[in-house]
Amino acid sequence: MPAVTIKPEPIRVLVTGFGPFREYKVNPSWLAVKPLHDTTLYTTPGAADVQEAVSRPVHITAVMVPTIYTSVLSTVPGFHARPPVLPEAAHLESALPPPPPPPPEGYDFIMHCGVAGRQPLRLETQAHKSGYNNPDATGALCPCVPGTQVRGFGTGYEPFPDILKTGLDIQKMKVHLDSSGVKGSWVSDDPGHYLCDFIYYCSLAQSLAAQEKYSQSKPTPVFFLHLPPVDEPMNTEQVTEGIKRIVEWVGGQL
């Protein structure tokens, strides 16, 4: 077997969960994401045909995002800034210790999580620009695109198409989850036209905008994971393990 070394420079990952909404006083997505805050994982070593398999540390920062359209619009662009900007006192509101300073050159991977129906993990491939007709946790509707009755992304998002797709190979991600013991995940192309879809589109668009603004060779990978309510069928610990496996796998692709 090739020797395994650990490089000292960590891959920096931001993982978000949502705040309360509807019947969820504590959002299941936040229950699953919160334990990962300020933790370090290690990527799976590279392919066996290389001279040296390299395992790298992956440091995770977790942030709770309110289940509110305007909060997504005001918060997500900061995640993709250089350096990134996290919500002020977010760690206090979510009962977490302060995160380490964001990496000056930006996060290497940004993952968003949200709750859906009774199902295993749902791996989302794309997000929609419009069609957000359901009220958020405050009862507010998504803003309309200026000059229209269409609810969705307007000013600042004009250059982006109706659908944005992640650049990650989600089918290979599913294979990795299956092989690592996280069974039952499935690939989806419809994140639901609600806050989950909304934050996914916003983050994908901001990743592309940052690529151009900061002259990056490629955009920061962005991914959205739908997870079930607690024990329907997975418990929180199982969902957290699934998130870990995804982060480790993506880190190994960087």
# chains A, B, ... in the order shown; residues from 1 in each chain; ligands from 1
$ select_by_dssp --residues "segment 176-238 of chain A" --states "alpha helix (DSSP H)" --output "list in words"
His176, Leu177, Asp178, Ser179, Leu195, Cys196, Asp197, Phe198, Ile199, Tyr200, Tyr201, Cys202, Ser203, Leu204, Ala205, Gln206, Ser207, Leu208, Ala209, Ala210, Gln211, Glu212, Lys213, Thr236, Glu237 and Gln238 of chain A
$ residues_around --residues "Arg122 of chain A" --least-positions-apart "2" --cutoff "9 Å" --atoms "only C-alpha atoms" --output "ChimeraX atom specification"
/A:116,119-120,124,184-188,191,224-228
$ write_last_selection --atoms "N, CA, C and O atoms" --output "compact mmCIF listing (two decimals), in the first residue's frame"
# COMPACT_ATOMS: atom_id res chain seq x y z
N ALA A 116 -36.53 17.67 4.90
CA ALA A 116 -37.60 17.38 3.94
C ALA A 116 -38.55 16.37 4.59
O ALA A 116 -38.74 16.37 5.81
N GLN A 119 -37.77 10.17 4.61
CA GLN A 119 -36.95 9.56 3.56
C GLN A 119 -35.52 9.51 4.05
O GLN A 119 -35.16 10.19 5.01
N PRO A 120 -34.68 8.73 3.41
CA PRO A 120 -33.25 8.83 3.71
C PRO A 120 -32.67 10.13 3.13
O PRO A 120 -33.41 11.02 2.74
N GLU A 124 -29.22 16.67 -3.71
CA GLU A 124 -29.80 17.58 -4.69
C GLU A 124 -28.77 18.02 -5.73
O GLU A 124 -27.65 18.39 -5.39
N GLY A 184 -29.27 4.02 1.33
CA GLY A 184 -30.59 4.54 1.03
C GLY A 184 -30.63 5.95 0.48
O GLY A 184 -31.73 6.46 0.21
N SER A 185 -29.50 6.62 0.33
CA SER A 185 -29.53 7.97 -0.24
C SER A 185 -30.00 7.91 -1.69
O SER A 185 -29.84 6.88 -2.37
N TRP A 186 -30.57 9.00 -2.16
CA TRP A 186 -31.01 9.03 -3.55
C TRP A 186 -30.79 10.41 -4.14
O TRP A 186 -30.70 11.40 -3.43
N VAL A 187 -30.66 10.42 -5.45
CA VAL A 187 -30.32 11.64 -6.18
C VAL A 187 -31.61 12.32 -6.65
O VAL A 187 -32.52 11.68 -7.19
N SER A 188 -31.70 13.63 -6.43
CA SER A 188 -32.90 14.40 -6.76
C SER A 188 -32.55 15.61 -7.61
O SER A 188 -31.48 16.19 -7.47
N PRO A 191 -35.28 20.34 -5.47
CA PRO A 191 -35.17 20.67 -4.05
C PRO A 191 -36.39 21.36 -3.45
O PRO A 191 -36.37 21.75 -2.29
N PHE A 224 -26.27 20.86 -1.77
CA PHE A 224 -27.37 20.86 -0.81
C PHE A 224 -27.82 19.44 -0.51
O PHE A 224 -28.05 18.64 -1.42
N LEU A 225 -27.98 19.17 0.79
CA LEU A 225 -28.44 17.87 1.26
C LEU A 225 -29.78 18.03 1.97
O LEU A 225 -29.91 18.79 2.92
N HIS A 226 -30.78 17.27 1.50
CA HIS A 226 -32.04 17.17 2.21
C HIS A 226 -31.98 15.98 3.16
O HIS A 226 -31.53 14.89 2.77
N LEU A 227 -32.43 16.17 4.36
CA LEU A 227 -32.40 15.12 5.37
C LEU A 227 -33.78 14.97 5.99
O LEU A 227 -34.63 15.85 5.88
N PRO A 228 -34.04 13.84 6.66
CA PRO A 228 -35.38 13.59 7.19
C PRO A 228 -35.60 14.21 8.55
O PRO A 228 -34.64 14.59 9.24
$ residues_around --residues "segment 56-59 of chain A" --least-positions-apart "3" --cutoff "12 Å" --atoms "only C-alpha atoms" --output "PyMOL selection string"
chain A and resi 4-15+36-46+53+62+99-103+107-110+244-254
$ closest_residue --among "A:Tyr132, A:Tyr194, A:Gly147, A:Pro221" --to "Asp169 of chain A" --atoms "only C-alpha atoms"
A:Pro221
$ residues_around --residues "Val65 of chain A" --least-positions-apart "6" --cutoff "8 Å" --atoms "only C-alpha atoms" --output "PyMOL selection string"
chain A and resi 16-19+71-72+75
